[in-house]
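Text of target_8.json, listed as JSON, C-alpha atoms:
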```json
[["chain", "number", "residue", "atom", "x", "y", "z"],
["A", 12, "MET", "CA", 0.00, 0.00, 0.00],
["A", 13, "ASP", "CA", 1.31, 3.46, -0.87],
["A", 14, "LYS", "CA", 2.81, 5.43, 1.98],
["A", 15, "VAL", "CA", 0.51, 8.34, 1.20],
["A", 16, "LEU", "CA", -2.39, 6.42, 2.72],
["A", 17, "TYR", "CA", -0.58, 6.11, 6.05],
["A", 18, "ILE", "CA", 0.38, 9.78, 5.99],
["A", 19, "SER", "CA", -3.05, 11.10, 5.03],
["A", 20, "SER", "CA", -4.90, 8.80, 7.44],
["A", 21, "ALA", "CA", -2.62, 9.93, 10.29],
["A", 22, "GLY", "CA", -3.24, 13.55, 9.33],
["A", 23, "ALA", "CA", -7.00, 13.01, 9.21],
["A", 24, "ASN", "CA", -7.02, 11.30, 12.61],
["A", 25, "LEU", "CA", -5.00, 14.12, 14.17],
["A", 26, "ALA", "CA", -7.23, 16.79, 12.65],
["A", 27, "MET", "CA", -10.34, 15.01, 13.93],
["A", 28, "ARG", "CA", -8.86, 14.70, 17.43],
["A", 29, "ALA", "CA", -7.90, 18.38, 17.43],
["A", 30, "GLN", "CA", -11.43, 19.31, 16.32],
["A", 31, "GLN", "CA", -12.83, 17.47, 19.35],
["A", 32, "VAL", "CA", -10.50, 19.41, 21.65],
["A", 33, "HIS", "CA", -11.42, 22.78, 20.14],
["A", 34, "ALA", "CA", -15.12, 21.88, 20.32],
["A", 35, "ASN", "CA", -14.71, 21.13, 24.02],
["A", 36, "ASN", "CA", -12.93, 24.47, 24.48],
["A", 37, "LEU", "CA", -15.84, 26.25, 22.83],
["A", 38, "ALA", "CA", -18.34, 24.40, 25.01],
["A", 39, "ASN", "CA", -16.49, 25.63, 28.11],
["A", 40, "SER", "CA", -15.85, 29.20, 26.98],
["A", 41, "SER", "CA", -18.18, 30.46, 29.74],
["A", 42, "THR", "CA", -17.06, 28.00, 32.45],
["A", 43, "PRO", "CA", -15.33, 29.92, 35.29],
["A", 44, "GLY", "CA", -11.64, 29.05, 35.65],
["A", 45, "PHE", "CA", -11.56, 26.69, 32.64],
["A", 46, "ARG", "CA", -8.17, 26.23, 30.97],
["A", 47, "ARG", "CA", -8.23, 25.68, 27.22],
["A", 48, "ASP", "CA", -6.62, 22.53, 25.79],
["A", 49, "PHE", "CA", -4.62, 21.87, 22.66],
["A", 50, "VAL", "CA", -3.22, 18.84, 20.82],
["A", 51, "SER", "CA", 0.56, 18.52, 20.65],
["A", 52, "SER", "CA", 2.12, 16.56, 17.78],
["A", 53, "LEU", "CA", 5.44, 15.63, 16.18],
["A", 54, "ALA", "CA", 6.48, 15.16, 12.55],
["A", 55, "VAL", "CA", 7.97, 11.66, 12.26],
["A", 56, "GLU", "CA", 9.68, 10.16, 9.21],
["A", 57, "LEU", "CA", 7.74, 7.25, 7.78],
["A", 58, "GLN", "CA", 9.96, 4.16, 7.84],
["A", 59, "GLY", "CA", 10.17, 1.64, 4.99],
["A", 60, "ASP", "CA", 11.44, 1.30, 1.45],
["A", 61, "GLY", "CA", 12.33, 4.32, -0.62],
["A", 62, "LEU", "CA", 13.72, 7.73, 0.16],
["A", 63, "GLY", "CA", 13.17, 9.19, 3.62],
["A", 64, "SER", "CA", 11.25, 12.15, 2.25],
["A", 65, "ARG", "CA", 7.82, 11.47, 3.74],
["A", 66, "VAL", "CA", 6.79, 12.41, 7.25],
["A", 67, "MET", "CA", 3.60, 11.84, 9.17],
["A", 68, "PRO", "CA", 2.12, 13.59, 12.24],
["A", 69, "VAL", "CA", 2.10, 11.69, 15.51],
["A", 70, "ALA", "CA", 0.06, 12.98, 18.45],
["A", 71, "ARG", "CA", 2.06, 13.57, 21.63],
["A", 72, "GLY", "CA", -0.99, 14.15, 23.79],
["A", 73, "LEU", "CA", -3.01, 17.00, 25.24],
["A", 74, "GLY", "CA", -1.64, 20.17, 26.74],
["A", 75, "SER", "CA", -3.36, 23.00, 28.59],
["A", 76, "SER", "CA", -2.86, 26.74, 28.49],
["A", 77, "PHE", "CA", -2.18, 28.32, 31.89],
["A", 78, "ASP", "CA", -2.90, 31.88, 30.79],
["A", 79, "ALA", "CA", -5.15, 33.70, 33.25],
["A", 80, "GLY", "CA", -8.75, 34.52, 32.42],
["A", 81, "ILE", "CA", -10.49, 37.85, 32.98],
["A", 82, "MET", "CA", -11.60, 38.84, 36.49],
["A", 83, "GLU", "CA", -15.37, 39.34, 36.55],
["A", 84, "THR", "CA", -17.03, 40.98, 39.54],
["A", 85, "THR", "CA", -20.03, 39.25, 41.13],
["A", 86, "GLY", "CA", -20.26, 40.88, 44.56],
["A", 87, "ARG", "CA", -21.00, 37.47, 46.11],
["A", 88, "ASN", "CA", -19.12, 36.64, 49.34],
["A", 89, "LEU", "CA", -18.52, 33.02, 48.34],
["A", 90, "ASP", "CA", -17.10, 33.82, 44.89],
["A", 91, "VAL", "CA", -13.31, 33.94, 44.93],
["A", 92, "ALA", "CA", -10.71, 34.35, 42.19],
["A", 93, "ILE", "CA", -6.99, 33.63, 42.43],
["A", 94, "ASN", "CA", -5.17, 36.94, 42.19],
["A", 95, "GLY", "CA", -2.13, 35.94, 40.12],
["A", 96, "ASP", "CA", -0.65, 32.47, 40.34],
["A", 97, "GLY", "CA", -2.15, 29.69, 42.44],
["A", 98, "TRP", "CA", -4.91, 27.10, 42.66],
["A", 99, "LEU", "CA", -7.74, 26.06, 44.97],
["A", 100, "SER", "CA", -7.61, 22.53, 46.37],
["A", 101, "VAL", "CA", -10.61, 20.19, 46.19],
["A", 102, "GLU", "CA", -11.35, 16.57, 47.00],
["A", 103, "THR", "CA", -12.40, 14.38, 44.07],
["A", 104, "ALA", "CA", -15.12, 11.73, 44.17],
["A", 105, "ALA", "CA", -12.32, 9.15, 44.54],
["A", 106, "GLY", "CA", -11.01, 10.90, 47.66],
["A", 107, "THR", "CA", -7.86, 12.27, 46.04],
["A", 108, "GLU", "CA", -6.70, 15.87, 45.90],
["A", 109, "ALA", "CA", -7.11, 17.97, 42.75],
["A", 110, "TYR", "CA", -6.81, 21.64, 41.84],
["A", 111, "THR", "CA", -8.99, 24.21, 40.11],
["A", 112, "ARG", "CA", -9.22, 27.93, 39.36],
["A", 113, "SER", "CA", -13.01, 27.88, 39.60],
["A", 114, "GLY", "CA", -13.91, 29.72, 42.79],
["A", 115, "GLN", "CA", -17.71, 29.55, 42.61],
["A", 116, "LEU", "CA", -18.10, 28.21, 46.15],
["A", 117, "GLN", "CA", -21.31, 27.04, 47.81],
["A", 118, "VAL", "CA", -22.38, 25.80, 51.24],
["A", 119, "THR", "CA", -24.49, 22.63, 51.40],
["A", 120, "PRO", "CA", -27.41, 22.30, 53.87],
["A", 121, "ASP", "CA", -25.15, 20.30, 56.19],
["A", 122, "GLY", "CA", -22.47, 23.02, 56.19],
["A", 123, "GLN", "CA", -19.96, 21.56, 53.76],
["A", 124, "LEU", "CA", -18.06, 24.00, 51.53],
["A", 125, "VAL", "CA", -18.08, 22.78, 47.91],
["A", 126, "ILE", "CA", -17.36, 24.02, 44.40],
["A", 127, "ALA", "CA", -20.03, 24.28, 41.69],
["A", 128, "GLY", "CA", -19.71, 20.60, 40.79],
["A", 129, "GLY", "CA", -20.36, 19.49, 44.37],
["A", 130, "LEU", "CA", -16.79, 18.48, 45.24],
["A", 131, "SER", "CA", -15.56, 19.35, 48.74],
["A", 132, "VAL", "CA", -13.22, 22.31, 49.09],
["A", 133, "LEU", "CA", -10.10, 21.48, 51.06],
["A", 134, "GLY", "CA", -8.64, 23.52, 53.85],
["A", 135, "GLU", "CA", -5.25, 23.11, 55.47],
["A", 136, "ALA", "CA", -6.76, 20.45, 57.77],
["A", 137, "GLY", "CA", -8.93, 18.60, 55.23],
["A", 138, "ALA", "CA", -12.44, 19.13, 53.87],
["A", 139, "ILE", "CA", -14.00, 22.32, 55.21],
["A", 140, "GLN", "CA", -17.09, 21.84, 57.38],
["A", 141, "LEU", "CA", -18.74, 25.07, 58.50],
["A", 142, "PRO", "CA", -20.82, 25.64, 61.64],
["A", 143, "GLU", "CA", -24.08, 27.58, 61.47],
["A", 144, "PHE", "CA", -23.59, 31.23, 60.62],
["A", 145, "GLN", "CA", -25.50, 34.34, 59.72],
["A", 146, "SER", "CA", -22.75, 35.76, 57.49],
["A", 147, "ILE", "CA", -19.47, 34.52, 56.04],
["A", 148, "ASP", "CA", -16.39, 36.15, 54.56],
["A", 149, "ILE", "CA", -13.25, 34.83, 52.87],
["A", 150, "GLY", "CA", -10.06, 36.88, 53.27],
["A", 151, "ILE", "CA", -7.40, 37.50, 50.65],
["A", 152, "ASP", "CA", -5.23, 34.77, 52.22],
["A", 153, "GLY", "CA", -8.08, 32.22, 52.18],
["A", 154, "THR", "CA", -9.03, 32.65, 55.85],
["A", 155, "ILE", "CA", -12.73, 31.93, 56.43],
["A", 156, "THR", "CA", -14.55, 33.90, 59.12],
["A", 157, "ILE", "CA", -18.20, 33.82, 60.15],
["A", 158, "ILE", "CA", -20.59, 35.65, 62.42],
["A", 159, "PRO", "CA", -22.39, 32.96, 64.46],
["A", 160, "PRO", "CA", -26.19, 33.08, 64.84],
["A", 161, "GLY", "CA", -27.34, 35.50, 67.48],
["A", 162, "GLU", "CA", -24.06, 37.45, 67.58],
["A", 163, "ALA", "CA", -23.83, 41.10, 66.67],
["A", 164, "ASN", "CA", -20.50, 41.67, 64.90],
["A", 165, "GLU", "CA", -18.17, 39.16, 66.53],
["A", 166, "ARG", "CA", -16.30, 37.31, 63.80],
["A", 167, "VAL", "CA", -14.91, 33.82, 64.35],
["A", 168, "GLU", "CA", -12.24, 32.16, 62.24],
["A", 169, "VAL", "CA", -13.39, 28.67, 61.22],
["A", 170, "GLY", "CA", -10.80, 27.57, 58.65],
["A", 171, "ARG", "CA", -8.54, 28.48, 55.78],
["A", 172, "LEU", "CA", -8.61, 27.41, 52.16],
["A", 173, "LYS", "CA", -5.69, 25.31, 50.99],
["A", 174, "LEU", "CA", -4.08, 27.36, 48.23],
["A", 175, "VAL", "CA", -1.18, 25.92, 46.23],
["A", 176, "ASN", "CA", 1.18, 27.41, 43.67],
["A", 177, "PRO", "CA", 2.95, 24.72, 41.62],
["A", 178, "GLU", "CA", 4.92, 25.25, 38.45],
["A", 179, "PRO", "CA", 2.89, 24.64, 35.24],
["A", 180, "GLY", "CA", 4.85, 21.45, 34.54],
["A", 181, "GLU", "CA", 3.80, 20.03, 37.90],
["A", 182, "LEU", "CA", 0.13, 19.88, 36.92],
["A", 183, "GLN", "CA", -1.79, 17.99, 34.28],
["A", 184, "LYS", "CA", -5.49, 17.97, 33.44],
["A", 185, "SER", "CA", -7.44, 14.83, 34.28],
["A", 186, "ALA", "CA", -10.51, 13.48, 32.49],
["A", 187, "ASP", "CA", -12.90, 15.34, 34.84],
["A", 188, "GLY", "CA", -11.41, 18.73, 33.93],
["A", 189, "LEU", "CA", -9.58, 19.18, 37.23],
["A", 190, "PHE", "CA", -5.81, 19.35, 37.50],
["A", 191, "VAL", "CA", -3.71, 16.84, 39.43],
["A", 192, "ALA", "CA", -0.07, 16.78, 40.48],
["A", 193, "THR", "CA", 2.29, 15.01, 38.10],
["A", 194, "VAL", "CA", 4.63, 14.06, 40.96],
["A", 195, "GLY", "CA", 3.14, 12.79, 44.23],
["A", 196, "ASP", "CA", -0.47, 12.87, 45.35],
["A", 197, "GLU", "CA", -0.69, 16.26, 47.07],
["A", 198, "LEU", "CA", 0.97, 19.66, 46.87],
["A", 199, "ASP", "CA", 2.00, 21.80, 49.83],
["A", 200, "ALA", "CA", 0.00, 24.90, 50.69],
["A", 201, "ASP", "CA", 1.56, 28.23, 49.71],
["A", 202, "PRO", "CA", 0.82, 31.08, 52.16],
["A", 203, "ASP", "CA", 1.68, 33.70, 49.53],
["A", 204, "VAL", "CA", -1.25, 32.90, 47.18],
["A", 205, "ARG", "CA", -3.84, 35.67, 47.27],
["A", 206, "LEU", "CA", -7.57, 35.82, 46.49],
["A", 207, "ARG", "CA", -10.06, 38.42, 45.36],
["A", 208, "THR", "CA", -13.42, 37.98, 47.04],
["A", 209, "GLY", "CA", -16.54, 38.83, 45.08],
["A", 210, "TYR", "CA", -14.87, 37.96, 41.76],
["A", 211, "LEU", "CA", -14.74, 34.96, 39.44],
["A", 212, "GLU", "CA", -12.06, 34.23, 36.88],
["A", 213, "SER", "CA", -13.48, 33.58, 33.45],
["A", 214, "SER", "CA", -12.35, 30.83, 31.09],
["A", 215, "ASN", "CA", -9.17, 31.64, 29.17],
["A", 216, "VAL", "CA", -10.82, 30.43, 25.94],
["A", 217, "ASN", "CA", -11.03, 32.93, 23.08],
["A", 218, "ALA", "CA", -14.18, 31.78, 21.29],
["A", 219, "LEU", "CA", -13.27, 33.48, 17.99],
["A", 220, "ASN", "CA", -9.82, 31.87, 17.86],
["A", 221, "GLU", "CA", -11.28, 28.47, 18.70],
["A", 222, "MET", "CA", -13.86, 28.76, 15.93],
["A", 223, "VAL", "CA", -11.23, 29.77, 13.37],
["A", 224, "SER", "CA", -9.04, 26.82, 14.42],
["A", 225, "PHE", "CA", -12.01, 24.46, 14.22],
["A", 226, "LEU", "CA", -12.87, 25.55, 10.66],
["A", 227, "SER", "CA", -9.22, 25.32, 9.59],
["A", 228, "LEU", "CA", -8.98, 21.77, 10.96],
["A", 229, "SER", "CA", -12.19, 20.87, 9.14],
["A", 230, "ARG", "CA", -10.60, 21.91, 5.83],
["A", 231, "GLN", "CA", -7.46, 19.96, 6.71],
["A", 232, "PHE", "CA", -9.54, 16.85, 7.41],
["A", 233, "GLU", "CA", -11.36, 17.19, 4.08],
["A", 234, "ALA", "CA", -8.04, 17.63, 2.23],
["A", 235, "GLN", "CA", -6.62, 14.47, 3.82],
["A", 236, "MET", "CA", -9.72, 12.49, 2.87],
["A", 237, "LYS", "CA", -9.43, 13.68, -0.74],
["A", 238, "ILE", "CA", -5.81, 12.54, -0.82],
["A", 239, "MET", "CA", -6.83, 9.13, 0.47],
["A", 240, "LYS", "CA", -9.53, 8.87, -2.19],
["A", 241, "ALA", "CA", -7.08, 9.90, -4.92],
["A", 242, "ALA", "CA", -4.59, 7.28, -3.74],
["A", 243, "GLY", "CA", -7.33, 4.65, -3.78],
["A", 244, "ASP", "CA", -8.40, 5.64, -7.29],
["A", 245, "MET", "CA", -4.80, 5.45, -8.52],
["A", 246, "ALA", "CA", -4.38, 2.00, -6.99],
["A", 247, "SER", "CA", -7.62, 0.81, -8.63],
["A", 248, "SER", "CA", -6.50, 2.19, -12.00],
["A", 249, "GLY", "CA", -3.18, 0.37, -11.68],
["A", 250, "ASP", "CA", -4.97, -2.90, -10.89],
["A", 251, "ARG", "CA", -7.17, -2.52, -13.99],
["A", 252, "LEU", "CA", -4.14, -1.88, -16.20],
["A", 253, "VAL", "CA", -2.47, -5.04, -14.89],
["A", 254, "ARG", "CA", -5.60, -7.11, -15.58],
["A", 255, "ASP", "CA", -5.98, -5.69, -19.09],
["A", 256, "GLN", "CA", -2.43, -6.59, -20.13]]
```

Go ahead and render the structure in this file as structure tokens.
Amino acid sequence: MDKVLYISSAGANLAMRAQQVHANNLANSSTPGFRRDFVSSLAVELQGDGLGSRVMPVARGLGSSFDAGIMETTGRNLDVAINGDGWLSVETAAGTEAYTRSGQLQVTPDGQLVIAGGLSVLGEAGAIQLPEFQSIDIGIDGTITIIPPGEANERVEVGRLKLVNPEPGELQKSADGLFVATVGDELDADPDVRLRTGYLESSNVNALNEMVSFLSLSRQFEAQMKIMKAAGDMASSGDRLVRDQ
């Protein structure tokens, strides 16, 4: 079989995979704290007979952009955005630690502090469980204070968010959209990470750029399919010539 079929099929597969990634980026363009993904690939020489003049793309895997999103004010006490570098720590459904930039926090009826997806928010001593309160505030260092029921203005500290600040290479995105540590299970808290209360960080997805990339990949996929068809037609023509002789 001609090498062009291997090359064009690899190109079509990569374009289709990249389209899926860009479609997911577009779907999450309004998700707070979302980090856009991209497909990384290498050009590899196709081995075999003949000159080494043909290369094919090989996917290396997914990467994520760590560019910050835009700060959007909400005025809500339980909305927090990382001011600069850093991540919030949460507990996954499997009981492991993961990290997110989505600070849309909520309090369950039983007093558990969770993110929008229902996962528990971690403090420096584990999952944060809040007592009854009539008001709550989160400081720039992640300190959580409340005014208990029946009190006037006496604030009580009840916990502190676990904020971490790893290098980009120390995190990778998991299938659930959260980030996990590439080395070890948990990262140490960083006391220098700062928050902005009453704000949410938007997704770092540029919808226009994603749409342009998606359309470009669609044309690439169509071009690769045409090359495969042309190669098939040429092979069929060659077979007919052999039979006619």

Residue contacts of Ile151 (chain A) (9 Å, all atoms listed in the file) excluding same-chain residues fewer than 2 positions away, as a VMD selection string: chain A and resid 91 94 149 153 to 154 204 to 208

Using all atoms listed in the file, which residue out of A:Val194, A:Leu133, A:Ala127, A:Leu182 lies closest to Ser76 (chain A)?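 Result for the nearest residue to Ser76 (chain A): A:Leu182.
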
Residues within 12 Å of Pro120 (chain A), all atoms listed in the file, excluding chain neighbours under 4 positions, as a list in words: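 My list of contacting residues is Leu124, Val125, Gln140, Leu141, Pro142, Glu143 and Phe144 of chain A.
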
Could you please take those selected residues and save C-alpha atoms as a CSV table (one decimal), keeping the file's coordinate frame?
```
chain,number,residue,atom,x,y,z
A,124,LEU,CA,-18.1,24.0,51.5
A,125,VAL,CA,-18.1,22.8,47.9
A,140,GLN,CA,-17.1,21.8,57.4
A,141,LEU,CA,-18.7,25.1,58.5
A,142,PRO,CA,-20.8,25.6,61.6
A,143,GLU,CA,-24.1,27.6,61.5
A,144,PHE,CA,-23.6,31.2,60.6
```

Within 10 Å of Ala138 (chain A), counting all atoms listed in the file, which residues show up once you throw out same-chain ones fewer than 6 positions away? Write them as a tab-separated table (two decimals) with C-alpha atoms, in the coordinates of the input, please.
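Final output, saved to around-v2.tsv:
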```
chain	number	residue	atom	x	y	z
A	100	SER	CA	-7.61	22.53	46.37
A	101	VAL	CA	-10.61	20.19	46.19
A	102	GLU	CA	-11.35	16.57	47.00
A	123	GLN	CA	-19.96	21.56	53.76
A	124	LEU	CA	-18.06	24.00	51.53
A	125	VAL	CA	-18.08	22.78	47.91
A	130	LEU	CA	-16.79	18.48	45.24
A	131	SER	CA	-15.56	19.35	48.74
A	132	VAL	CA	-13.22	22.31	49.09
A	170	GLY	CA	-10.80	27.57	58.65
A	172	LEU	CA	-8.61	27.41	52.16
A	173	LYS	CA	-5.69	25.31	50.99
```

Under the rule that all atoms listed in the file are counted, which of A:Leu99, A:Val15, A:Met236, A:Ala34 is the nearest residue to Phe190 (chain A)?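 Using all atoms listed in the file, Phe190 (chain A) sits closest to A:Leu99.
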
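Considering all atoms listed in the file, the residue among A:Ile147, A:Ile238, A:Leu211, A:Val50 positioned nearest to Ala26 (chain A) is A:Val50.
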
Point-to-point distance from CA of Arg171 (chain A) to CA of Glu83 (chain A), Å rounded to tenths: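 Rounded to one decimal, the two atoms are 23.1 Å apart.
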
Skipping near chain neighbours, those fewer than 5 positions away, what residues fall within 8 Å of Ala79 (chain A) using all atoms listed in the file, listed as number ranges by chain? A: 95, 212, 215

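Shortest separation to Gly134 (chain A) among A:Ala242, A:Leu174, A:Gly97, A:Ser19 occurs at residue A:Leu174, atoms counted being all atoms listed in the file.
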
With distances taken over only C-alpha atoms, which residue among A:Ala234, A:Val223, A:Leu89, A:Val216 lies nearest Phe77 (chain A)?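 Among the listed residues, the smallest separation from Phe77 (chain A) belongs to A:Val216.
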
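Going from CA of Gly114 (chain A) to CA of Phe49 (chain A) covers 23.5 Å.
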
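Nearest to Asp187 (chain A) of all the residues A:Thr103, A:Gln30, A:Ser113, A:Thr156 is A:Thr103, based on all atoms listed in the file.
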
Any idea what's packed within 9 Å of Asn217 (chain A), counting only C-alpha atoms, ignoring anything in its chain fewer than 2 positions away? Could you give it as a list in words?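 Counting only the stated atoms, we get Asn36, Leu37, Ser40, Arg47, Ser214, Asn215, Leu219, Asn220, Glu221 and Met222 of chain A.
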